[in-house]
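Undergrad: For reference, the file coords.txt (compact mmCIF, C-alpha atoms) is included below:
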```
# COMPACT_ATOMS: atom_id res chain seq x y z
CA MET A 272 -48.47 95.04 82.60
CA LYS A 273 -48.98 98.02 84.87
CA LYS A 274 -47.63 100.42 82.19
CA LEU A 275 -50.00 98.92 79.60
CA HIS A 276 -52.93 99.41 81.96
CA SER A 277 -51.93 103.04 82.61
CA LYS A 278 -51.53 103.74 78.88
CA LEU A 279 -54.94 102.21 78.15
CA ILE A 280 -56.61 104.42 80.78
CA LEU A 281 -54.81 107.47 79.37
CA ILE A 282 -56.00 106.67 75.83
CA ILE A 283 -59.60 106.18 76.98
CA LEU A 284 -59.56 109.46 78.92
CA SER A 285 -58.03 111.29 75.94
CA VAL A 286 -60.73 110.01 73.61
CA PHE A 287 -63.44 110.98 76.12
CA VAL A 288 -62.05 114.53 76.48
CA ALA A 289 -61.72 114.91 72.69
CA VAL A 290 -65.34 113.85 72.13
CA LEU A 291 -66.55 116.07 74.96
CA PHE A 292 -64.84 119.23 73.70
CA PHE A 293 -64.79 118.71 69.93
CA GLY A 294 -67.65 116.33 69.19
CA CYS A 295 -70.48 118.76 69.96
CA LYS A 296 -69.43 121.64 67.73
CA PRO A 297 -71.80 122.85 65.02
CA VAL A 298 -71.27 121.46 61.51
CA LEU A 299 -71.42 123.37 58.20
CA ASN A 300 -74.37 122.43 56.03
CA PRO A 301 -74.40 122.51 52.20
CA GLU A 302 -75.95 126.01 52.09
CA GLY A 303 -72.96 127.40 54.00
CA GLY A 304 -74.85 127.81 57.26
CA ILE A 305 -73.98 126.14 60.55
CA ASN A 306 -76.21 123.29 61.79
CA GLU A 307 -77.18 123.34 65.43
CA TYR A 308 -79.45 121.06 67.47
CA ILE A 309 -81.90 122.97 69.65
CA SER A 310 -83.99 121.36 72.35
CA GLY A 311 -86.32 122.59 75.02
CA ILE A 312 -89.66 122.42 76.76
CA VAL A 313 -92.85 124.26 75.82
CA LYS A 314 -94.96 125.31 78.81
CA SER A 315 -97.91 127.43 79.80
CA ASP A 316 -98.35 128.58 83.39
CA GLY A 317 -95.53 126.21 84.36
CA SER A 318 -97.15 123.08 82.87
CA PRO A 319 -95.74 121.28 79.82
CA ILE A 320 -97.78 121.39 76.59
CA PRO A 321 -97.85 118.34 74.30
CA GLY A 322 -98.86 118.63 70.64
CA ILE A 323 -97.18 121.95 69.78
CA LYS A 324 -95.62 122.08 66.30
CA VAL A 325 -92.06 123.42 66.42
CA THR A 326 -90.68 124.63 63.07
CA SER A 327 -87.18 125.77 62.13
CA ASN A 328 -85.61 126.59 58.79
CA TYR A 329 -84.54 122.92 58.63
CA GLY A 330 -87.81 121.11 59.41
CA SER A 331 -90.42 120.58 62.09
CA THR A 332 -91.33 118.35 65.03
CA ILE A 333 -94.12 118.01 67.61
CA THR A 334 -93.68 118.33 71.38
CA ASP A 335 -94.10 115.08 73.30
CA GLU A 336 -96.31 114.46 76.36
CA ASN A 337 -93.75 116.31 78.52
CA GLY A 338 -93.66 119.34 76.21
CA PHE A 339 -90.15 118.38 75.05
CA PHE A 340 -88.87 119.13 71.56
CA GLY A 341 -85.59 118.65 69.73
CA ILE A 342 -84.97 120.11 66.29
CA LEU A 343 -82.13 120.84 63.91
CA SER A 344 -81.73 124.42 62.72
CA TYR A 345 -79.07 126.30 60.82
CA TYR A 346 -77.84 129.86 60.87
CA PHE A 347 -75.37 132.02 59.03
CA LYS A 348 -72.70 134.16 60.66
CA ASN A 349 -74.15 136.94 62.84
CA GLU A 350 -77.71 135.54 62.60
CA ASN A 351 -80.08 134.00 65.14
CA HIS A 352 -82.40 131.01 64.89
CA LEU A 353 -86.06 131.87 64.31
CA ILE A 354 -88.20 129.04 65.68
CA ASN A 355 -91.99 128.98 65.23
CA PHE A 356 -94.31 127.39 67.80
CA SER A 357 -97.92 126.70 66.78
CA ASP A 358 -100.84 124.88 68.36
CA ILE A 359 -102.02 122.26 65.86
CA ASP A 360 -104.28 120.11 68.04
CA GLY A 361 -106.96 122.75 68.70
CA GLU A 362 -108.66 122.47 72.08
CA GLU A 363 -107.20 119.05 72.94
CA ASN A 364 -104.42 120.41 75.21
CA GLY A 365 -105.74 123.97 75.42
CA LYS A 366 -105.62 126.60 72.71
CA PHE A 367 -102.44 128.65 72.39
CA GLU A 368 -101.29 131.58 70.28
CA THR A 369 -98.73 130.95 67.54
CA GLN A 370 -95.44 132.63 68.29
CA ASP A 371 -91.96 133.07 66.87
CA VAL A 372 -89.01 132.82 69.23
CA ILE A 373 -85.48 134.02 68.49
CA ILE A 374 -82.80 131.73 69.86
CA LYS A 375 -79.19 132.87 69.75
CA PRO A 376 -76.59 130.44 68.38
CA GLY A 377 -75.01 128.43 71.16
CA MET A 378 -78.11 128.60 73.37
CA ASN A 379 -79.01 125.01 72.57
CA SER A 380 -81.77 124.58 75.12
CA SER A 381 -84.74 126.73 75.86
CA ILE A 382 -87.96 126.92 77.84
CA VAL A 383 -90.71 128.49 75.76
CA GLU A 384 -93.75 129.91 77.53
CA MET A 385 -96.87 129.84 75.30
CA LYS A 386 -99.72 132.32 75.76
CA LYS A 387 -103.28 131.01 75.85
CA ASP A 388 -105.47 132.01 72.93
CA HIS A 389 -108.68 133.54 74.29
```
Let me see the structure of the file written as C-alpha cells.

TA:
Amino acid sequence: MKKLHSKLILIILSVFVAVLFFGCKPVLNPEGGINEYISGIVKSDGSPIPGIKVTSNYGSTITDENGFFGILSYYFKNENHLINFSDIDGEENGKFETQDVIIKPGMNSSIVEMKKDH
C-alpha cells in the first residue's frame, strides 16, 4: 500500500512538472506564426485606465476597471509583437493618445504607460 501511495504521488508530481514546463509554450497557428498570450496593465501617472482598446494582429479587447488586458497575438521568427492601445471612451476616463507598443516574444506581461492627450 505504501509503494502504491508513493507511486501515485510521483505520477502526480510528474504530470505537474510536465504541464508547468511544457504546457505554456507558444503554439503554431495556421499562418505559420507562433501564438502567444500577452497580458498587462494600462496606466497613466501610476493609475490604471479602464476602457482602452488593445489591438493585436489576432484581435482586440478592452481594458477592465483595473486597466488589465489579455490578448492573443502571433509573430513570425525574428519578429516582435506590435500592440496598439487607443482611447475609445473619450473623456469618460480621461483622454489619452493612441500609441503602438512593441513587445518582444516571451515577454508575456507588460505595464503600458499612456500619455494624456492635451

Undergrad: Pick out the closest residue to Tyr345 in chain A from this set: A:Ile305, A:Ile333, A:Ile312, A:Met378. Count only C-alpha atoms.

TA: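 The answer is A:Ile305, which sits nearest to Tyr345 in chain A.
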
Undergrad: Hey, which of A:Val383, A:Ile320, A:Asn337, A:Val325 ends up closest to Gly365 in chain A? Count only C-alpha atoms.

TA: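 Comparing A:Val383, A:Ile320, A:Asn337, A:Val325 against Gly365 in chain A, the winner is A:Ile320.
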
Undergrad: Give me the residues near range 362-364 of chain A as a compact mmCIF listing (two decimals) with C-alpha atoms, keeping the file's coordinate frame, where near means some atom within 10 Å (using all atoms listed in the file) and where sequence neighbours in that chain fewer than 6 positions away do not count.

TA:
```txt
# COMPACT_ATOMS: atom_id res chain seq x y z
CA PRO A 319 -95.74 121.28 79.82
CA ILE A 320 -97.78 121.39 76.59
CA PRO A 321 -97.85 118.34 74.30
CA GLY A 322 -98.86 118.63 70.64
CA ILE A 323 -97.18 121.95 69.78
```

Undergrad: Nearest to Phe356 in chain A among A:Pro376, A:Gly338, A:Gly304, A:Gly317, with distances taken over only C-alpha atoms: which residue is it?

TA: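 Looking only at the distances to Phe356 in chain A, the closest residue turns out to be A:Gly338.
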
Undergrad: Considering all atoms listed in the file, state which residue in the set A:Leu343, A:Lys386, A:Ile374, A:Glu368 is at the smallest distance from Ser331 in chain A.

TA: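 The closest residue to Ser331 in chain A is A:Leu343.
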
Undergrad: Taking all atoms listed in the file into account, which of A:Ser344, A:Gln370, A:Asn328, A:Thr334 comes nearest Ile309 in chain A?

TA: A:Ser344

Undergrad: I need the residue nearest Val372 in chain A from this list: A:Lys348, A:Glu307, A:Thr326, A:Asp358. Use all atoms listed in the file for the distance.

TA: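 Of the candidates, the smallest distance to Val372 in chain A is held by A:Thr326.
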
Undergrad: To one decimal in Å, tell me the separation between CA of Thr369 in chain A and CA of Phe340 in chain A.

TA: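 Result for CA of Thr369 in chain A versus CA of Phe340 in chain A: 15.9 Å, one decimal.
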
Undergrad: Hey, can you check how far CA of Lys314 in chain A sits from CA of Ser380 in chain A?

TA: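 Distance reported for this atom pair: 13.7 Å.
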
Undergrad: If I take CA of Tyr329 in chain A and CA of Ser381 in chain A, how far is one from the other in Å, to one decimal?

TA: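 Calculated distance between CA of Tyr329 in chain A and CA of Ser381 in chain A is 17.6 Å.
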
Undergrad: Place a sphere of radius 7 Å on (-81.5, 132.8, 67.5) in the file coordinates and name every protein, DNA or RNA residue with an atom inside or on its surface, counting only C-alpha atoms; give the answer as a ChimeraX atom specification.

TA: /A:350-353,373-376

Undergrad: Emit the selected residues as a PDB file, keeping the file's coordinate frame, including C-alpha atoms.

TA:
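Wrote selection33.pdb, looks like this:
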```
ATOM      1  CA  GLU A 350     -77.710 135.540  62.600  1.00  0.00           C
ATOM      2  CA  ASN A 351     -80.080 134.000  65.140  1.00  0.00           C
ATOM      3  CA  HIS A 352     -82.400 131.010  64.890  1.00  0.00           C
ATOM      4  CA  LEU A 353     -86.060 131.870  64.310  1.00  0.00           C
ATOM      5  CA  ILE A 373     -85.480 134.020  68.490  1.00  0.00           C
ATOM      6  CA  ILE A 374     -82.800 131.730  69.860  1.00  0.00           C
ATOM      7  CA  LYS A 375     -79.190 132.870  69.750  1.00  0.00           C
ATOM      8  CA  PRO A 376     -76.590 130.440  68.380  1.00  0.00           C
TER       9      PRO A 376
END
```
